[in-house]
Structure formats: C-alpha cells, structure tokens
$ cat model-v3.txt   # compact mmCIF, C-alpha atoms (C1' of nucleotides)
# COMPACT_ATOMS: atom_id res chain seq x y z
CA MET A 49 30.50 -32.91 53.75
CA SER A 50 28.10 -30.54 55.43
CA ARG A 51 27.12 -28.99 52.11
CA LYS A 52 24.81 -31.21 50.17
CA TYR A 53 24.88 -31.09 46.42
CA HIS A 54 21.13 -30.98 46.41
CA HIS A 55 19.66 -28.12 48.33
CA GLY A 56 16.63 -29.94 49.62
CA ASP A 57 14.12 -27.12 49.42
CA LEU A 58 15.51 -24.71 46.87
CA ARG A 59 12.18 -23.50 45.61
CA ARG A 60 11.19 -22.23 49.02
CA ALA A 61 14.64 -20.75 49.56
CA LEU A 62 14.44 -18.88 46.27
CA VAL A 63 11.05 -17.41 47.14
CA ALA A 64 12.40 -16.35 50.54
CA ALA A 65 15.41 -14.77 48.83
CA GLY A 66 13.12 -12.93 46.44
CA LEU A 67 11.06 -11.53 49.31
CA GLU A 68 14.23 -10.41 51.05
CA ILE A 69 15.47 -8.66 47.94
CA LEU A 70 12.14 -6.89 47.46
CA ARG A 71 12.29 -5.72 51.05
CA GLU A 72 15.92 -4.72 51.20
CA GLU A 73 16.81 -3.62 47.69
CA GLY A 74 13.56 -3.07 45.87
CA LEU A 75 11.98 -4.37 42.72
CA ALA A 76 14.77 -3.16 40.45
CA ALA A 77 17.23 -5.49 42.18
CA LEU A 78 15.03 -8.57 41.82
CA SER A 79 16.53 -11.08 39.44
CA LEU A 80 16.78 -14.82 39.10
CA ARG A 81 20.53 -14.61 39.49
CA ALA A 82 20.36 -12.50 42.60
CA CYS A 83 17.94 -14.96 44.19
CA ALA A 84 20.18 -17.84 43.22
CA ALA A 85 23.18 -16.10 44.74
CA ARG A 86 21.31 -15.49 48.01
CA ALA A 87 20.36 -19.14 48.13
CA GLY A 88 24.00 -20.07 47.55
CA VAL A 89 23.37 -21.79 44.28
CA SER A 90 24.49 -21.38 40.70
CA HIS A 91 22.80 -18.95 38.34
CA ALA A 92 20.95 -21.58 36.33
CA ALA A 93 19.66 -23.67 39.22
CA PRO A 94 16.33 -21.82 39.55
CA ARG A 95 15.28 -23.12 36.16
CA ASN A 96 14.65 -26.51 37.72
CA HIS A 97 11.94 -24.98 39.91
CA PHE A 98 10.53 -22.05 38.00
CA ASP A 99 9.63 -21.43 34.41
CA GLY A 100 12.02 -18.54 34.03
CA VAL A 101 11.72 -15.23 35.77
CA SER A 102 7.96 -15.03 35.24
CA GLY A 103 7.58 -18.25 37.19
CA LEU A 104 9.51 -16.85 40.13
CA ILE A 105 7.41 -13.70 40.03
CA SER A 106 4.22 -15.75 40.04
CA ALA A 107 5.41 -17.56 43.15
CA LEU A 108 6.29 -14.27 44.85
CA ARG A 109 2.91 -12.82 43.97
CA ALA A 110 1.16 -15.88 45.39
CA GLU A 111 3.08 -15.65 48.65
CA GLY A 112 2.29 -11.94 48.74
CA PHE A 113 -1.44 -12.57 48.40
CA ARG A 114 -1.35 -15.13 51.20
CA ARG A 115 0.29 -12.61 53.51
CA HIS A 116 -2.04 -9.90 52.30
CA THR A 117 -5.03 -12.05 53.17
CA ALA A 118 -3.58 -12.77 56.61
CA ALA A 119 -2.99 -9.06 57.25
CA MET A 120 -6.59 -8.24 56.45
CA ARG A 121 -7.94 -11.10 58.55
CA ALA A 122 -5.82 -9.97 61.47
CA GLY A 123 -7.13 -6.43 61.06
CA MET A 124 -10.69 -7.70 61.03
CA ALA A 125 -10.12 -9.64 64.23
CA SER A 126 -8.76 -6.58 66.01
CA GLU A 127 -12.02 -4.63 65.71
CA PRO A 128 -15.56 -5.18 66.98
CA HIS A 129 -17.86 -6.80 64.49
CA ASP A 130 -19.54 -3.64 63.27
CA ARG A 131 -16.13 -2.15 62.52
CA ARG A 132 -14.43 -5.17 61.03
CA HIS A 133 -14.36 -3.58 57.58
CA ILE A 134 -12.32 -0.72 59.01
CA GLY A 135 -9.88 -3.21 60.50
CA ALA A 136 -9.58 -5.08 57.22
CA LEU A 137 -8.92 -1.87 55.30
CA ARG A 138 -6.24 -0.90 57.79
CA GLY A 139 -4.70 -4.32 57.35
CA TYR A 140 -4.86 -3.89 53.59
CA VAL A 141 -3.17 -0.51 53.50
CA GLY A 142 -0.71 -1.48 56.24
CA PHE A 143 0.48 -4.48 54.27
CA ALA A 144 1.04 -2.36 51.19
CA MET A 145 3.00 0.25 53.13
CA GLU A 146 5.19 -2.36 54.81
CA GLN A 147 5.98 -4.21 51.60
CA PRO A 148 5.47 -1.70 48.82
CA ASP A 149 7.50 -3.51 46.20
CA LEU A 150 5.80 -6.79 46.87
CA TYR A 151 2.40 -5.14 46.74
CA ARG A 152 3.26 -3.50 43.43
CA LEU A 153 4.41 -6.81 42.06
CA MET A 154 1.18 -8.51 43.15
CA PHE A 155 -0.93 -6.04 41.22
CA ALA A 156 1.32 -5.63 38.22
CA HIS A 157 0.13 -6.46 34.74
CA PRO A 158 -0.54 -10.13 34.35
CA MET A 159 1.64 -11.35 31.51
CA PRO A 160 -0.67 -12.41 28.71
CA GLY A 161 -0.91 -16.17 28.54
CA VAL A 162 0.60 -16.71 31.95
CA SER A 163 -1.73 -18.52 34.28
CA ASP A 164 -0.85 -20.07 37.60
CA ASP A 165 -3.20 -22.06 39.79
CA GLU A 166 -1.30 -21.33 42.98
CA LEU A 167 -1.52 -17.62 42.24
CA GLU A 168 -5.21 -17.81 41.38
CA ILE A 169 -6.02 -19.50 44.66
CA ALA A 170 -3.91 -17.10 46.72
CA ALA A 171 -5.41 -14.04 45.04
CA GLY A 172 -8.84 -15.55 45.63
CA GLY A 173 -8.12 -15.39 49.35
CA SER A 174 -7.76 -11.62 49.31
CA PHE A 175 -10.79 -11.35 47.07
CA GLU A 176 -12.80 -13.37 49.56
CA VAL A 177 -11.97 -11.08 52.47
CA LEU A 178 -13.27 -8.13 50.51
CA MET A 179 -16.45 -10.05 49.75
CA ASP A 180 -16.81 -10.88 53.42
CA ILE A 181 -16.55 -7.34 54.68
CA SER A 182 -18.86 -6.12 51.94
CA GLU A 183 -21.62 -8.19 53.50
CA GLY A 184 -23.70 -6.08 55.80
CA LEU A 185 -22.24 -2.80 54.66
CA ASP A 186 -24.67 -0.09 53.81
CA TRP A 187 -23.64 1.18 50.45
CA PRO A 188 -26.15 2.29 47.88
CA LYS A 189 -27.03 -0.33 45.32
CA SER A 190 -28.35 0.97 42.08
CA GLY A 191 -30.59 -0.74 39.58
CA ASP A 192 -30.46 -4.44 39.05
CA VAL A 193 -26.84 -5.06 39.98
CA PRO A 194 -26.78 -8.43 41.70
CA CYS A 195 -25.30 -9.21 45.09
CA ASN A 196 -23.09 -6.48 46.44
CA VAL A 197 -20.84 -5.98 43.49
CA ASN A 198 -20.96 -2.24 43.89
CA THR A 199 -19.90 -2.39 47.50
CA TRP A 200 -16.85 -4.56 47.07
CA MET A 201 -15.74 -2.88 43.90
CA MET A 202 -15.95 0.40 45.76
CA LEU A 203 -14.15 -0.97 48.79
CA TRP A 204 -11.42 -2.55 46.76
CA SER A 205 -10.91 0.47 44.52
CA PHE A 206 -10.72 2.72 47.53
CA ALA A 207 -8.29 0.48 49.40
CA HIS A 208 -6.09 -0.05 46.37
CA GLY A 209 -6.16 3.61 45.45
CA ILE A 210 -5.13 4.75 48.91
CA ALA A 211 -2.48 2.05 49.17
CA ASP A 212 -0.98 2.48 45.73
CA LEU A 213 -0.97 6.27 45.73
CA THR A 214 0.61 6.29 49.16
CA ILE A 215 3.30 3.86 48.01
CA GLY A 216 3.93 5.98 44.96
CA GLY A 217 4.47 9.05 47.12
CA GLN A 218 1.59 10.88 45.46
CA PHE A 219 0.16 12.10 48.72
CA GLY A 220 3.47 13.66 49.60
CA LYS A 221 2.42 17.14 48.56
CA CYS A 222 -0.73 16.78 50.60
CA GLU A 223 1.19 15.69 53.66
CA ALA A 224 3.69 18.48 53.14
CA ALA A 225 0.93 21.07 52.84
CA LEU A 226 -1.09 19.84 55.81
CA GLY A 227 1.79 18.78 58.02
CA TYR A 228 0.09 15.46 58.60
CA MET A 229 -1.62 12.67 56.75
CA PRO A 230 -5.42 12.40 56.99
CA ASP A 231 -6.60 9.17 58.53
CA LEU A 232 -8.30 6.50 56.50
CA GLU A 233 -11.58 7.01 58.32
CA GLN A 234 -11.44 10.77 57.89
CA VAL A 235 -11.01 10.40 54.17
CA PHE A 236 -13.67 7.81 53.85
CA PRO A 237 -16.52 8.11 56.33
CA GLY A 238 -19.02 6.90 53.76
CA PHE A 239 -19.32 3.29 54.81
CA GLY A 240 -21.77 2.48 57.54
CA TYR A 241 -22.50 -0.89 59.06
CA ALA A 242 -26.10 -1.89 58.48
CA GLY A 243 -26.14 -5.09 60.49
CA PRO A 244 -26.28 -8.70 59.31
CA ARG A 245 -28.74 -9.59 56.63
CA MET B 71 22.89 14.20 1.75
CA SER B 72 19.31 13.97 2.87
CA ARG B 73 20.33 12.42 6.18
CA LYS B 74 21.80 14.96 8.51
CA TYR B 75 24.43 13.91 10.98
CA HIS B 76 22.57 15.81 13.63
CA HIS B 77 19.03 14.74 14.11
CA GLY B 78 17.61 18.13 14.90
CA ASP B 79 15.07 17.16 17.53
CA LEU B 80 16.26 13.85 18.87
CA ARG B 81 14.90 14.32 22.36
CA ARG B 82 11.36 14.68 21.09
CA ALA B 83 11.86 11.76 18.70
CA LEU B 84 13.06 9.54 21.54
CA VAL B 85 10.06 10.38 23.69
CA ALA B 86 7.76 9.65 20.76
CA ALA B 87 9.55 6.34 20.20
CA GLY B 88 9.15 5.48 23.88
CA LEU B 89 5.43 6.17 23.76
CA GLU B 90 5.12 3.98 20.66
CA ILE B 91 6.96 1.15 22.34
CA LEU B 92 4.77 1.40 25.44
CA ARG B 93 1.71 1.26 23.22
CA GLU B 94 2.79 -1.47 20.86
CA GLU B 95 5.10 -3.70 22.87
CA GLY B 96 4.52 -2.85 26.50
CA LEU B 97 6.66 -1.73 29.37
CA ALA B 98 8.92 -4.78 29.27
CA ALA B 99 10.15 -3.79 25.80
CA LEU B 100 10.98 -0.22 26.76
CA SER B 101 14.70 0.43 26.66
CA LEU B 102 17.05 3.22 25.74
CA ARG B 103 18.48 1.14 22.94
CA ALA B 104 15.09 0.30 21.50
CA CYS B 105 14.11 3.97 21.50
CA ALA B 106 17.40 4.87 19.85
CA ALA B 107 16.83 2.24 17.18
CA ARG B 108 13.33 3.56 16.46
CA ALA B 109 14.72 7.04 16.10
CA GLY B 110 17.36 5.71 13.70
CA VAL B 111 20.26 6.63 15.88
CA SER B 112 23.08 4.81 17.62
CA HIS B 113 22.62 3.20 20.99
CA ALA B 114 24.57 5.81 22.95
CA ALA B 115 23.05 8.89 21.34
CA PRO B 116 20.24 9.25 23.93
CA ARG B 117 22.81 10.03 26.60
CA ASN B 118 23.22 13.48 25.14
CA HIS B 119 19.58 14.24 25.95
CA PHE B 120 18.69 12.15 28.98
CA ASP B 121 20.45 11.24 32.15
CA GLY B 122 20.32 7.53 31.49
CA VAL B 123 17.19 5.46 31.40
CA SER B 124 15.69 7.18 34.41
CA GLY B 125 15.83 10.46 32.56
CA LEU B 126 13.95 9.03 29.61
CA ILE B 127 11.35 7.58 31.94
CA SER B 128 10.91 10.94 33.64
CA ALA B 129 10.28 12.54 30.27
CA LEU B 130 7.76 9.82 29.36
CA ARG B 131 5.99 10.27 32.68
CA ALA B 132 5.80 14.02 32.16
CA GLU B 133 4.31 13.62 28.70
CA GLY B 134 1.88 11.09 30.16
CA PHE B 135 0.68 13.52 32.80
CA ARG B 136 0.15 16.22 30.23
CA ARG B 137 -2.05 13.89 28.17
CA HIS B 138 -3.76 12.66 31.31
CA THR B 139 -4.64 16.22 32.26
CA ALA B 140 -5.94 16.88 28.76
CA ALA B 141 -8.11 13.74 28.86
CA MET B 142 -9.70 14.81 32.13
CA ARG B 143 -10.27 18.38 30.93
CA ALA B 144 -11.91 17.05 27.78
CA GLY B 145 -14.14 14.81 29.89
CA MET B 146 -15.14 17.74 32.05
CA ALA B 147 -16.05 19.80 29.02
CA SER B 148 -18.31 17.05 27.67
CA GLU B 149 -20.68 17.15 30.63
CA PRO B 150 -22.93 19.83 32.11
CA HIS B 151 -21.43 21.73 34.97
CA ASP B 152 -23.07 19.80 37.77
CA ARG B 153 -21.72 16.56 36.28
CA ARG B 154 -18.26 17.72 35.30
CA HIS B 155 -16.67 15.51 37.98
CA ILE B 156 -18.23 12.48 36.32
CA GLY B 157 -16.80 13.54 32.99
CA ALA B 158 -13.36 14.06 34.49
CA LEU B 159 -13.42 10.64 36.13
CA ARG B 160 -14.40 9.04 32.85
CA GLY B 161 -11.53 10.85 31.19
CA TYR B 162 -9.20 9.66 33.95
CA VAL B 163 -10.16 6.01 33.67
CA GLY B 164 -10.39 6.15 29.89
CA PHE B 165 -6.84 7.43 29.61
CA ALA B 166 -5.55 4.66 31.84
CA MET B 167 -7.37 1.99 29.82
CA GLU B 168 -6.11 3.35 26.51
CA GLN B 169 -2.50 3.61 27.64
CA PRO B 170 -2.14 1.16 30.49
CA ASP B 171 1.63 0.85 30.39
CA LEU B 172 2.11 4.59 30.27
CA TYR B 173 -0.31 5.04 33.15
CA ARG B 174 1.53 2.44 35.19
CA LEU B 175 4.82 4.14 34.46
CA MET B 176 3.42 7.51 35.54
CA PHE B 177 2.45 6.19 38.93
CA ALA B 178 5.41 3.91 39.49
CA HIS B 179 7.70 4.37 42.44
CA PRO B 180 9.62 7.57 42.21
CA MET B 181 13.29 6.70 42.34
CA PRO B 182 14.70 8.13 45.54
CA GLY B 183 16.73 11.22 44.86
CA VAL B 184 15.35 11.67 41.37
CA SER B 185 13.60 14.98 40.93
CA ASP B 186 12.54 16.57 37.70
CA ASP B 187 10.93 19.97 37.36
CA GLU B 188 9.21 19.15 34.08
CA LEU B 189 7.66 16.08 35.69
CA GLU B 190 6.58 17.99 38.78
CA ILE B 191 4.81 20.61 36.72
CA ALA B 192 3.09 18.06 34.49
CA ALA B 193 1.93 15.98 37.45
CA GLY B 194 0.69 19.18 39.08
CA GLY B 195 -1.66 19.60 36.13
CA SER B 196 -3.47 16.36 36.87
CA PHE B 197 -3.47 17.21 40.53
CA GLU B 198 -5.10 20.53 39.76
CA VAL B 199 -7.97 19.00 37.81
CA LEU B 200 -8.79 16.80 40.78
CA MET B 201 -8.73 19.85 43.03
CA ASP B 202 -11.03 21.66 40.61
CA ILE B 203 -13.69 19.00 40.49
CA SER B 204 -13.53 18.56 44.25
CA GLU B 205 -14.80 22.10 44.59
CA GLY B 206 -18.52 22.11 45.07
CA LEU B 207 -18.79 18.40 45.64
CA ASP B 208 -20.82 17.33 48.61
CA TRP B 209 -18.65 14.88 50.45
CA PRO B 210 -18.66 14.67 54.24
CA LYS B 211 -15.88 16.57 55.90
CA SER B 212 -14.91 15.40 59.33
CA GLY B 213 -13.27 17.34 62.12
CA ASP B 214 -10.86 20.11 61.41
CA VAL B 215 -9.50 18.92 58.09
CA PRO B 216 -8.88 22.05 56.06
CA CYS B 217 -10.12 22.75 52.55
CA ASN B 218 -11.49 19.72 50.80
CA VAL B 219 -8.63 17.36 51.34
CA ASN B 220 -10.99 14.53 52.08
CA THR B 221 -12.91 14.99 48.88
CA TRP B 222 -10.01 15.01 46.50
CA MET B 223 -8.17 12.24 48.27
CA MET B 224 -11.32 10.19 48.02
CA LEU B 225 -11.85 11.09 44.38
CA TRP B 226 -8.27 10.38 43.42
CA SER B 227 -8.10 7.13 45.34
CA PHE B 228 -11.31 5.96 43.76
CA ALA B 229 -10.26 6.93 40.26
CA HIS B 230 -6.81 5.42 40.61
CA GLY B 231 -8.18 2.28 42.22
CA ILE B 232 -10.71 1.68 39.46
CA ALA B 233 -8.20 2.49 36.76
CA ASP B 234 -5.32 0.47 38.13
CA LEU B 235 -7.35 -2.60 39.08
CA THR B 236 -8.99 -2.57 35.67
CA ILE B 237 -5.61 -2.36 33.96
CA GLY B 238 -4.33 -5.18 36.11
CA GLY B 239 -7.23 -7.38 35.05
CA GLN B 240 -8.41 -7.72 38.63
CA PHE B 241 -12.03 -7.12 37.74
CA GLY B 242 -11.93 -9.90 35.23
CA LYS B 243 -13.54 -12.41 37.54
CA CYS B 244 -16.26 -9.90 38.31
CA GLU B 245 -16.93 -9.30 34.65
CA ALA B 246 -16.89 -13.03 33.96
CA ALA B 247 -19.37 -13.70 36.75
CA LEU B 248 -21.73 -10.87 35.87
CA GLY B 249 -21.35 -11.02 32.11
CA TYR B 250 -20.76 -7.29 32.07
CA MET B 251 -18.78 -4.58 33.77
CA PRO B 252 -20.58 -2.28 36.21
CA ASP B 253 -20.51 1.33 35.18
CA LEU B 254 -18.46 3.88 37.03
CA GLU B 255 -21.55 5.70 38.23
CA GLN B 256 -23.20 2.49 39.38
CA VAL B 257 -20.21 1.62 41.49
CA PHE B 258 -19.86 5.06 42.89
CA PRO B 259 -23.11 6.96 43.30
CA GLY B 260 -21.85 8.63 46.45
CA PHE B 261 -20.80 11.96 45.06
CA GLY B 262 -23.42 14.63 44.75
CA TYR B 263 -23.01 18.10 43.37
CA ALA B 264 -23.80 20.71 46.00
CA GLY B 265 -23.45 23.79 43.86
CA PRO B 266 -20.77 26.45 43.91
CA ARG B 267 -19.61 27.78 47.24
C1' DA C 240 36.46 34.99 7.87
C1' DG C 241 38.54 31.83 10.63
C1' DC C 242 39.28 29.18 14.47
C1' DA C 243 38.34 27.26 19.00
C1' DA C 244 35.07 25.19 21.75
C1' DA C 245 30.85 23.08 22.68
C1' DA C 246 27.19 20.13 21.26
C1' DA C 247 25.61 15.95 19.08
C1' DG C 248 26.43 11.28 17.40
C1' DT C 249 29.34 6.95 16.73
C1' DT C 250 32.00 2.99 18.04
C1' DG C 251 33.66 -0.17 21.27
C1' DA C 252 33.96 -2.13 25.67
C1' DC C 253 32.39 -3.93 30.44
C1' DG C 254 29.42 -6.09 33.73
C1' DG C 255 24.78 -7.71 34.71
C1' DT C 256 20.71 -10.35 33.15
C1' DG C 257 17.48 -14.15 31.15
C1' DA C 258 17.63 -18.04 28.44
C1' DC C 259 19.36 -22.18 26.65
C1' DA C 260 22.43 -26.39 25.86
C1' DA C 261 25.54 -29.79 27.51
C1' DC C 262 27.31 -31.88 31.25
C1' DT C 263 27.83 -33.75 36.20
C1' DT C 264 26.17 -35.25 40.52
C1' DT C 265 22.73 -37.12 43.47
C1' DA C 266 18.42 -39.59 44.53
C1' DC C 267 14.95 -42.88 43.51
C1' DT C 268 13.07 -47.16 41.83
C1' DC C 269 12.76 -51.64 40.24
C1' DG D 229 23.09 -52.64 41.99
C1' DA D 230 21.89 -50.71 37.47
C1' DG D 231 19.25 -47.40 35.09
C1' DT D 232 16.76 -43.34 35.05
C1' DA D 233 14.90 -39.07 36.58
C1' DA D 234 15.75 -34.99 39.24
C1' DA D 235 18.72 -31.32 40.67
C1' DG D 236 22.76 -28.38 40.06
C1' DT D 237 26.88 -26.61 37.37
C1' DT D 238 29.37 -24.52 33.67
C1' DG D 239 29.56 -22.13 29.50
C1' DT D 240 27.61 -19.42 25.95
C1' DC D 241 24.58 -16.02 23.56
C1' DA D 242 21.93 -11.84 22.91
C1' DC D 243 20.27 -7.75 25.01
C1' DC D 244 20.66 -3.97 28.22
C1' DG D 245 22.63 0.37 30.69
C1' DT D 246 26.70 2.79 31.26
C1' DC D 247 30.98 4.73 30.31
C1' DA D 248 35.19 6.24 27.62
C1' DA D 249 37.28 7.70 23.46
C1' DC D 250 36.63 9.44 19.16
C1' DT D 251 34.35 12.02 15.02
C1' DT D 252 31.34 15.30 12.96
C1' DT D 253 28.73 19.35 13.02
C1' DT D 254 27.23 23.71 14.91
C1' DT D 255 27.95 27.78 17.47
C1' DG D 256 30.26 31.72 19.14
C1' DC D 257 33.96 34.87 19.59
C1' DT D 258 37.52 37.94 17.89

$ encode --input "model-v3.txt" --output "structure tokens"
Amino acid sequence: MSRKYHHGDLRRALVAAGLEILREEGLAALSLRACAARAGVSHAAPRNHFDGVSGLISALRAEGFRRHTAAMRAGMASEPHDRRHIGALRGYVGFAMEQPDLYRLMFAHPMPGVSDDELEIAAGGSFEVLMDISEGLDWPKSGDVPCNVNTWMMLWSFAHGIADLTIGGQFGKCEAALGYMPDLEQVFPGFGYAGPR
Amino acid sequence: MSRKYHHGDLRRALVAAGLEILREEGLAALSLRACAARAGVSHAAPRNHFDGVSGLISALRAEGFRRHTAAMRAGMASEPHDRRHIGALRGYVGFAMEQPDLYRLMFAHPMPGVSDDELEIAAGGSFEVLMDISEGLDWPKSGDVPCNVNTWMMLWSFAHGIADLTIGGQFGKCEAALGYMPDLEQVFPGFGYAGPR
DNA sequence: AGCAAAAAGTTGACGGTGACAACTTTACTC
DNA sequence: GAGTAAAGTTGTCACCGTCAACTTTTTGCT
C-alpha cells in the first residue's frame, strides 16, 4: 500500500494546509475540518496534534511571525546601513500586503488564558527586529523613558497602522482621490539615522 | 396581551444586542441567533431586517463609527485649540480600548462586493475628524503631494497602530519590562501645531 | 368597511463546524 | 512477540447561517 495509515508529519501538513487556505480562500474559510480535508485525513485527526482550533491558530500565528521576521530581515539587508530601517519597514508592510489574512490572524486578540511558547518565541523574533532598527535612529526621547522605548513603539505603531489600514482597504478613498498611493517614505519622513551609538 | 407579535423596532434591538454581546462576551460569541435570543425573538426573525450575518455586522460597524466619531469630537472639545489633535487621538485610542471587539470589527476586512451606504457615511465621519485635526498641523510635506495627505495618513496610522497593538496585547511585554505604559504624547512628540492657515 | 397584499415573525430543515467519545490501526519498547 | 502508547477513523451532539413554508399582523386601496 502506498498510502500509510499514519501520515508521518501531519502537524506540519496541517499548518501548510492552513496557510494555503488563508492565502486562497481567506480567514473565513479556515477551519480544522478544511485543513484536515486538504491533508487527506479525517475530520478528527487534527486533535492528535493541536488543542482544538485555537491550537492550530497558534501554530499558524507562530509560522506567520517567523516569515514576518524573515521578510523584515531581508528588507534590512537590501538597503545600506543608514537606511536599513526603511528596508525593514518595507519588508513589514510588504509581508502584510502579501498575506493579509495571515497578518490579521497574527495580530488578532490573544485568547485569554491561551499561552504558547512556540508563538512567544516566534513573535519575539519580529519584536527583536524592531528593537534592532530602533537603535541609532534619531527620534526624540522625552523625560526619563529608558532605552528607546519611544522609538520602537513609534516605529511599530506606524508600521502596523500603515499595514493594517492598507489591508482593511481604508486608504482606498485616498488612493481613489489622488490616483495613486503615497509612498511609505513620503508619508513618514520623520525618522533620521543618527549613526551608531 | 402585553407582548406584541410584532416587535416594533427589532432592527434597533438587534444592533443593541450585538453591541452588548461584543462588550460582554466578545467577537467569538457574536451570532445572528444570539442577537435574536437577546431580543426575545426567533432565530430567523433577523432576516427580515438584515441581509444575513454580514448585514448585521455592517450595521454594527456603522454604529461603531458613529460612536468613534463622537469620542474623537469629545476629545477635541476637551483640549485648547492648539492641542485639539491630542484630544482627538486620546478619544480615538480610548474608544478602541473601551470597545476592543467593536473596534476590531469596524476595521476588519471589508467583504468583497459588500457595500453599505449607512456604513460609508458613518466611516466618513471618523475620516473627517482626522482631516480636521490634520489642518494646521506642522508635519513635513514632501514633493508634490497635494493637501495634507501625508499628515492625516500619518496621524491615522499612528492612532490605529497604537490602538490596535494595545488591544492585541502586543505592548504587554513593554509594560511588563517598564512597569508602566508610556503616554501617547511621550511616544509621539513629533506633531506640532503651526497655527491656522 | 372590507379585503388583498405586504411586512414581520415562527417553525422546521439542511449542511458546515468544533468538540468529544469510542473504536481501530500502526508503531514503539521491553 | 506481547503490551502499550500514539495516530487516525467513525459517529454523535450542539450551535451556526441560510433557506423554505407557514402564520400573524399591519397597511393600503377601493
């Protein structure tokens, strides 16, 4: 028999199926049963690998954050050092626009009481990139706020705002009125590179 | 009979029930049948007033935008004129933190092909406030970008980013590390009032 | 006033979904 | 090789959105 009773790597297959569904059919079509069907497995099989649908979603979010981190790192590498934050932001927004449903899922409400080490670590990767590019940026610090909290909160809020509003189609009326979409650097020329500390 | 066969204002009652559910039980608990039950009506009654669940959601989003607009206008009124943008931003973020599930719903993906005049008008109200407070703000304009597109895109992205990341608990690690949450003005001191044009 | 039609609400059914229980098949270990 | 744990299957239940068929009330027309 070519078809084994045991799948061999069903967990990975289910995550891959989930990513496909998010890409091709959107968040509304994501379900445990649909993933199971894509993996060629019965509807209850996923329960051996995930703690219900929230477990599957945690795994998808973790994979999303890993790819998100990679997209930002790639963007950083594509720019000279004093413009690496621009590259990272482009990577950030580009990822969100390419995989809007996955991005939305990543930043959805955390279910109360649900904690997942894999997810924590993966999300920490994206967090770290934002910390990295905050270093050396010239953004006003006020008062006694330690480190560069202001800078990365600003960066992150800006990046997430642009990404999420774009995904949600909220800039549509702007684009319709202007005939084009302002570039990221046009909208936000406020960051300047101040050199390494 | 004290109980009329016809409800009288079922549409309004269903929207109110939906808002209650979003507040008390969260987005996951929102359903047509749950709203119908809260309104004391059979499970199929809502179909006479909404085009399925997407119609109910459109109505909830519209009501959300109206309240969102009101929150920003109230914030504006609570500050002197040269700080009205700060007040509006506080109103923006405050609304999102008070009604996180409603805010998320408002800015969720628009279903393709779904258009709703009531929703468009309501969302336009929030849009207009952001346009208003952009006027007179001193934010660098670059190149030939007309009006103050840069300023309001920046403002909106910032406000949405702060609000949505806060709702999503993403600043939790920051708050845990610092022991407190940086204030909106600390994070974003970049806007200055430049007086009326 | 009376009647027809439209509006509003009810009941019942269907398929899809998450969750769970009971069972079967495979793999691992001693 | 036997026993056990892991992995997958089938069946069931409750909940959901949607639709169809039906009932009750309101409205509007002559």

$ interface_residues --input "model-v3.txt" --of "chain B" --to "chain D" --cutoff "12 Å" --atoms "only C-alpha atoms (C1' of nucleotides)" --output "list in words"
Lys74, Tyr75, His76, His77, Gly78, Ala98, Ala99, Leu100, Ser101, Leu102, Arg103, Ala104, His113, Ala114, Pro116, Arg117, Asp121, Gly122, Val123 and Ser124 of chain B

$ interface_residues --input "model-v3.txt" --of "chain C" --to "chain A" --cutoff "10 Å" --atoms "all atoms listed in the file" --output "ChimeraX atom specification"
/C:255-259,264-266

$ write_last_selection --input "model-v3.txt" --atoms "C-alpha atoms (C1' of nucleotides)" --output "short mmCIF file (atom, residue, chain, number, x, y, z; two decimals), keeping the file's coordinate frame"
data_model
loop_
_atom_site.label_atom_id
_atom_site.label_comp_id
_atom_site.auth_asym_id
_atom_site.auth_seq_id
_atom_site.Cartn_x
_atom_site.Cartn_y
_atom_site.Cartn_z
"C1'" DG C 255 24.78 -7.71 34.71
"C1'" DT C 256 20.71 -10.35 33.15
"C1'" DG C 257 17.48 -14.15 31.15
"C1'" DA C 258 17.63 -18.04 28.44
"C1'" DC C 259 19.36 -22.18 26.65
"C1'" DT C 264 26.17 -35.25 40.52
"C1'" DT C 265 22.73 -37.12 43.47
"C1'" DA C 266 18.42 -39.59 44.53
#

$ residues_near_point --input "model-v3.txt" --point "(10.2, -15.1, 41.3)" --cutoff "8 Å" --atoms "all atoms listed in the file" --output "NGL selection string"
:A and (62-63 or 66 or 79-80 or 98 or 101-108)

$ closest_residue --input "model-v3.txt" --among "B:Arg174, B:Arg137, B:His155, B:Arg108" --to "chain A" --atoms "only C-alpha atoms"
B:Arg174

$ closest_residue --input "model-v3.txt" --among "A:Gly135, A:Asp180, A:Gly74, A:Val89" --to "chain B" --atoms "only C-alpha atoms"
A:Gly74

$ closest_residue --input "model-v3.txt" --among "B:Ala132, B:Leu92, B:Ala115, B:Val219" --to "C:DA247" --atoms "only C-alpha atoms (C1' of nucleotides)"
B:Ala115

$ residues_around --input "model-v3.txt" --residues "A:Tyr151" --least-positions-apart "2" --cutoff "10 Å" --atoms "all atoms listed in the file" --output "PyMOL selection string"
chain A and resi 70+109+112-113+116+141+143-149+153-156+208+211-212+215

$ interface_residues --input "model-v3.txt" --of "chain A" --to "chain B" --cutoff "7 Å" --atoms "only C-alpha atoms" --output "list in words"
Phe155, Ala156, His157, Pro158, Ser190, Asn198, Met201, Met202, Ser205, Phe206, His208, Gly209, Ile210, Gly216, Gln234, Val235 and Phe236 of chain A

$ atom_distance --input "model-v3.txt" --atom1 "atom CA of B:Ile203" --atom2 "atom CA of B:Asp186"
26.5 Å

$ atom_distance --input "model-v3.txt" --atom1 "atom CA of B:Asn118" --atom2 "atom CA of B:Leu89"
19.3 Å

$ closest_residue --input "model-v3.txt" --among "B:Arg160, B:His119, B:Arg93, B:Arg81" --to "B:Ala144" --atoms "only C-alpha atoms"
B:Arg160

$ atom_distance --input "model-v3.txt" --atom1 "atom CA of A:Ile134" --atom2 "atom CA of A:Met229"
17.3 Å

$ closest_residue --input "model-v3.txt" --among "B:Cys105, B:Glu245, B:Glu133, B:Met201" --to "B:Leu172" --atoms "only C-alpha atoms"
B:Glu133

$ axis_aligned_box --input "model-v3.txt" --around "stretch 245-261 of chain C" --padding-each-side "5 Å" --output "JSON"
{"center_x": 25.7, "center_y": -3.4, "center_z": 25.7, "size_x": 26.5, "size_y": 62.9, "size_z": 28.0}

$ build_atoms --input "model-v3.txt" --residues "stretch 134-142 of chain B" --atoms "N, CA and C atoms" --output "CSV table (one decimal), in the frame of the given file"
chain,number,residue,atom,x,y,z
B,134,GLY,N,3.1,11.8,29.8
B,134,GLY,CA,1.9,11.1,30.2
B,134,GLY,C,1.0,12.0,31.0
B,135,PHE,N,1.5,12.7,31.9
B,135,PHE,CA,0.7,13.5,32.8
B,135,PHE,C,0.0,14.6,32.0
B,136,ARG,N,0.8,15.2,31.0
B,136,ARG,CA,0.2,16.2,30.2
B,136,ARG,C,-1.1,15.7,29.5
B,137,ARG,N,-0.9,14.5,28.9
B,137,ARG,CA,-2.0,13.9,28.2
B,137,ARG,C,-3.2,13.5,29.1
B,138,HIS,N,-2.8,13.0,30.3
B,138,HIS,CA,-3.8,12.7,31.3
B,138,HIS,C,-4.6,13.9,31.7
B,139,THR,N,-3.9,15.0,31.9
B,139,THR,CA,-4.6,16.2,32.3
B,139,THR,C,-5.6,16.6,31.1
B,140,ALA,N,-5.1,16.5,29.9
B,140,ALA,CA,-5.9,16.9,28.8
B,140,ALA,C,-7.2,16.0,28.7
B,141,ALA,N,-7.0,14.7,28.9
B,141,ALA,CA,-8.1,13.7,28.9
B,141,ALA,C,-9.2,14.1,29.9
B,142,MET,N,-8.7,14.5,31.1
B,142,MET,CA,-9.7,14.8,32.1
B,142,MET,C,-10.4,16.1,31.8
